[in-house]
Amino acid sequence: MALAFIFPGQGSQAVGMGQALKDAYPAAREVFEAVDEALGESLSGLMADGPMETLTLTENAQPAIMAVSIAAMRALKAEFGVEVSAARFVAGHSLGEYTALCAAGAISLPDAARLLRLRGRAMQQAVPVGEGAMAAMLGAEMDQAEAAVAAGQAYGVVAIANDNAPGQIVISGVKAAVEAALEAAKAHGVRRAMMLPVSAPFHCPLMSPAADAMKIALKHVSIAAPAVPLIANVTAAPVTDPETIRARLVEQVTGRVRWRESIDFMQGEGVSCYAEAGAKVLVSMLRRHIPEAEGVALTGPEELEAFAASLA
C-alpha cells in the first residue's frame, strides 16, 4: 500500500480542536506547548475554550490547524513508531503546505507557527474587509469556470483560487468581479454557484502584499530537504530542493491551489491511501474525486491506533 500524508487548510478550526490528542499523548501536549512558546501566547487555550470568532481569525486559525496536525503526527511517531517516511509523499492544502513541510522535517515547529501567524495577518491585511470575496462553483468543469472568470475580469481582479476536486472550483478577487463571474457561470451552465463566508480573497493577485511579506520572512528561516517529497500547491509536482520550496511558498500566496491535480499526480504514482492528519476535510474531497482510494482521517486516539495497526 503506497501512502501519502495530507494536511488540511483553513476551515477545519473548531473550539476543542486537538483536545483528545492532547489528553491522550504527551507528544501531542509538547506540540501545543511549543507553539504557545513560539507565539508568546496561549493559542492552545484559545483552541480549547474559544471564543470561536477569535479562533476563526486567520492569524489564529492557521497556526492552530497546523498544531493539531503536527500533534497527530508526533503522537503517531512516539506512540506507534509510524514515521513520515512511511509515506511516498506529503501534501497540504494552502496553509497545510507549511504543516506538510514541518511534518517532513523541512521546517521547524516554532518556525512553522511563527510563519503561519505572519501569513495569516498578512493575508488578512492585504485587502480591506468588504472589498474582496471568494465564491464556489459546484459542478463546474474547468472550462466553464475559466469562461466565467474571464467574464468577471471586466469588473476587476478575479482568478481561480482553488481547484479542489472535480466539480468543486473556488474563485477569488474583487467583490464586483466575483459577483459578475458567478452570474456568468450560470449562463455557462454551472448548476450551483455561491459566495463564501470568508474574510479575504485568498490565492489571487490581490494577495501580492502578503506574498511580499512572506518572501521577506522566508529569507530568514532555515529550510531543509523534506524526508519525503512535497507535492507543491502551485505546480502539483514533487519538490525537495529547499530553495525551490522557499519560492513555491511565496508563489502559493497568490497562486492557484492545484489540489485536484496534486491528488491525480499522487494517484498516478501509485498512492492508494491518503491519511489526513488532524481533520477530515480533504478525505471528504477525496471520496468525491477518487472513490476507490482509501482516505483515513487521523483526528483522535482511536483513529491513530487503528491506522497504525493497519500498517503493521
# chains A, B, ... in the order shown; residues from 1 in each chain; ligands from 1

call {"tool": "select_by_dssp", "arguments": {"residues": "region 68-174 of chain A", "states": "alpha helix (DSSP H)", "output": "VMD selection string"}}
result
chain A and resid 68 to 80 96 to 103 109 to 125 142 to 152

call {"tool": "select_by_dssp", "arguments": {"residues": "region 150-185 of chain A", "states": "strand (DSSP E or B)", "output": "number ranges by chain"}}
result
A: 158-165, 168-174

call {"tool": "residues_around", "arguments": {"residues": "region 174-179 of chain A", "least_positions_apart": "2", "cutoff": "6 Å", "atoms": "only C-alpha atoms", "output": "PyMOL selection string"}}
result
chain A and resi 131-133+152-153+155-158+181-182

call {"tool": "write_last_selection", "arguments": {"atoms": "N, CA and C atoms", "output": "PDB file, in the first residue's frame"}}
result
ATOM      1  N   GLU A 131     -13.913  44.469   0.513  1.00  0.00           N
ATOM      2  CA  GLU A 131     -13.553  44.757  -0.881  1.00  0.00           C
ATOM      3  C   GLU A 131     -13.327  43.488  -1.703  1.00  0.00           C
ATOM      4  N   GLY A 132     -12.937  42.414  -1.033  1.00  0.00           N
ATOM      5  CA  GLY A 132     -12.683  41.169  -1.733  1.00  0.00           C
ATOM      6  C   GLY A 132     -13.737  40.132  -1.413  1.00  0.00           C
ATOM      7  N   ALA A 133     -13.711  39.038  -2.180  1.00  0.00           N
ATOM      8  CA  ALA A 133     -14.683  37.968  -1.957  1.00  0.00           C
ATOM      9  C   ALA A 133     -14.160  36.679  -2.577  1.00  0.00           C
ATOM     10  N   GLY A 152     -15.866  37.873 -15.635  1.00  0.00           N
ATOM     11  CA  GLY A 152     -15.779  38.674 -14.417  1.00  0.00           C
ATOM     12  C   GLY A 152     -14.631  39.659 -14.417  1.00  0.00           C
ATOM     13  N   GLN A 153     -13.577  39.357 -15.168  1.00  0.00           N
ATOM     14  CA  GLN A 153     -12.400  40.232 -15.173  1.00  0.00           C
ATOM     15  C   GLN A 153     -12.674  41.600 -15.786  1.00  0.00           C
ATOM     16  N   TYR A 155     -14.715  43.473 -14.596  1.00  0.00           N
ATOM     17  CA  TYR A 155     -15.086  44.272 -13.420  1.00  0.00           C
ATOM     18  C   TYR A 155     -13.954  44.370 -12.393  1.00  0.00           C
ATOM     19  N   GLY A 156     -12.808  43.778 -12.690  1.00  0.00           N
ATOM     20  CA  GLY A 156     -11.684  43.841 -11.765  1.00  0.00           C
ATOM     21  C   GLY A 156     -10.979  42.505 -11.653  1.00  0.00           C
ATOM     22  N   VAL A 157     -10.105  42.387 -10.678  1.00  0.00           N
ATOM     23  CA  VAL A 157      -9.310  41.177 -10.486  1.00  0.00           C
ATOM     24  C   VAL A 157     -10.185  40.030 -10.002  1.00  0.00           C
ATOM     25  N   VAL A 158     -10.134  38.908 -10.704  1.00  0.00           N
ATOM     26  CA  VAL A 158     -10.754  37.665 -10.242  1.00  0.00           C
ATOM     27  C   VAL A 158      -9.984  36.519 -10.875  1.00  0.00           C
ATOM     28  N   ALA A 181     -18.603  37.111 -12.179  1.00  0.00           N
ATOM     29  CA  ALA A 181     -18.209  35.772 -12.607  1.00  0.00           C
ATOM     30  C   ALA A 181     -19.272  34.740 -12.233  1.00  0.00           C
ATOM     31  N   LEU A 182     -19.907  34.922 -11.082  1.00  0.00           N
ATOM     32  CA  LEU A 182     -20.968  33.987 -10.682  1.00  0.00           C
ATOM     33  C   LEU A 182     -22.163  34.080 -11.634  1.00  0.00           C
TER      34      LEU A 182
END

call {"tool": "closest_residue", "arguments": {"among": "A:Ser172, A:Thr240, A:Ser69, A:Gln252", "to": "Met214 (chain A)", "atoms": "only C-alpha atoms"}}
result
A:Gln252

call {"tool": "atom_distance", "arguments": {"atom1": "CA of Met195 (chain A)", "atom2": "CA of Ala100 (chain A)"}}
result
28.9 Å

call {"tool": "residues_around", "arguments": {"residues": "Trp259 (chain A)", "least_positions_apart": "4", "cutoff": "12 Å", "atoms": "only C-alpha atoms", "output": "PyMOL selection string"}}
result
chain A and resi 6-9+91-94+96-97+161-166+168-170+231-237+252+255+263-266+282+285-286+289

call {"tool": "atom_distance", "arguments": {"atom1": "CA of Arg248 (chain A)", "atom2": "CA of Ser284 (chain A)"}}
result
26.0 Å

call {"tool": "closest_residue", "arguments": {"among": "A:Ala75, A:Ala87, A:Val296, A:Ile65", "to": "Ala4 (chain A)", "atoms": "only C-alpha atoms"}}
result
A:Ala87

call {"tool": "atom_distance", "arguments": {"atom1": "CA of Thr58 (chain A)", "atom2": "CA of Gly16 (chain A)"}}
result
17.2 Å

call {"tool": "residues_around", "arguments": {"residues": "Ala104 (chain A)", "least_positions_apart": "2", "cutoff": "7 Å", "atoms": "only C-alpha atoms", "output": "mmCIF file with N, CA and C atoms, in the first residue's frame"}}
result
data_model
loop_
_atom_site.group_PDB
_atom_site.id
_atom_site.type_symbol
_atom_site.label_atom_id
_atom_site.label_comp_id
_atom_site.auth_asym_id
_atom_site.auth_seq_id
_atom_site.Cartn_x
_atom_site.Cartn_y
_atom_site.Cartn_z
ATOM 1 N N VAL A 84 7.009 9.721 9.224
ATOM 2 C CA VAL A 84 6.544 10.332 7.979
ATOM 3 C C VAL A 84 7.163 9.647 6.767
ATOM 4 N N ALA A 100 2.802 20.247 6.141
ATOM 5 C CA ALA A 100 3.452 19.115 5.481
ATOM 6 C C ALA A 100 4.962 19.219 5.577
ATOM 7 N N LEU A 101 5.486 20.417 5.379
ATOM 8 C CA LEU A 101 6.933 20.625 5.453
ATOM 9 C C LEU A 101 7.444 20.447 6.877
ATOM 10 N N CYS A 102 6.664 20.891 7.850
ATOM 11 C CA CYS A 102 7.038 20.677 9.250
ATOM 12 C C CYS A 102 7.026 19.192 9.582
ATOM 13 N N ALA A 106 11.292 19.612 7.202
ATOM 14 C CA ALA A 106 11.903 20.673 6.397
ATOM 15 C C ALA A 106 11.882 22.024 7.112
ATOM 16 N N PRO A 226 12.929 17.924 2.695
ATOM 17 C CA PRO A 226 11.972 17.102 3.439
ATOM 18 C C PRO A 226 12.321 15.617 3.360
ATOM 19 N N ALA A 227 11.876 14.866 4.359
ATOM 20 C CA ALA A 227 12.162 13.429 4.411
ATOM 21 C C ALA A 227 11.552 12.688 3.229
ATOM 22 N N VAL A 228 10.426 13.176 2.737
ATOM 23 C CA VAL A 228 9.799 12.645 1.515
ATOM 24 C C VAL A 228 9.371 13.840 0.676
#

call {"tool": "residues_around", "arguments": {"residues": "Ala225 (chain A)", "least_positions_apart": "4", "cutoff": "12 Å", "atoms": "only C-alpha atoms", "output": "list in words"}}
result
Leu101, Cys102, Ala103, Ala104, Gly105, Ala106, Ile107, Ser108, Pro229, Leu230, Pro238, Val239, Thr240, Asp241, Pro242, Glu243, Thr244, Ile245 and Arg246 of chain A

call {"tool": "write_last_selection", "arguments": {"atoms": "C-alpha atoms", "output": "CSV table (one decimal), in the first residue's frame"}}
result
chain,number,residue,atom,x,y,z
A,101,LEU,CA,6.9,20.6,5.5
A,102,CYS,CA,7.0,20.7,9.3
A,103,ALA,CA,5.9,17.1,9.4
A,104,ALA,CA,8.6,16.1,6.9
A,105,GLY,CA,11.3,17.8,8.9
A,106,ALA,CA,11.9,20.7,6.4
A,107,ILE,CA,10.7,23.5,8.7
A,108,SER,CA,10.9,23.5,12.5
A,229,PRO,CA,8.9,14.8,-1.5
A,230,LEU,CA,6.3,17.6,-1.1
A,238,PRO,CA,7.1,16.9,-6.3
A,239,VAL,CA,9.8,19.2,-4.8
A,240,THR,CA,12.6,18.5,-2.4
A,241,ASP,CA,15.1,21.3,-3.0
A,242,PRO,CA,15.0,23.8,-0.1
A,243,GLU,CA,15.4,26.9,-2.3
A,244,THR,CA,12.7,25.7,-4.7
A,245,ILE,CA,10.4,25.1,-1.7
A,246,ARG,CA,11.0,28.6,-0.5

call {"tool": "closest_residue", "arguments": {"among": "A:Pro110, A:Pro209, A:Gly270, A:Gly11", "to": "Gly40 (chain A)", "atoms": "only C-alpha atoms"}}
result
A:Pro110
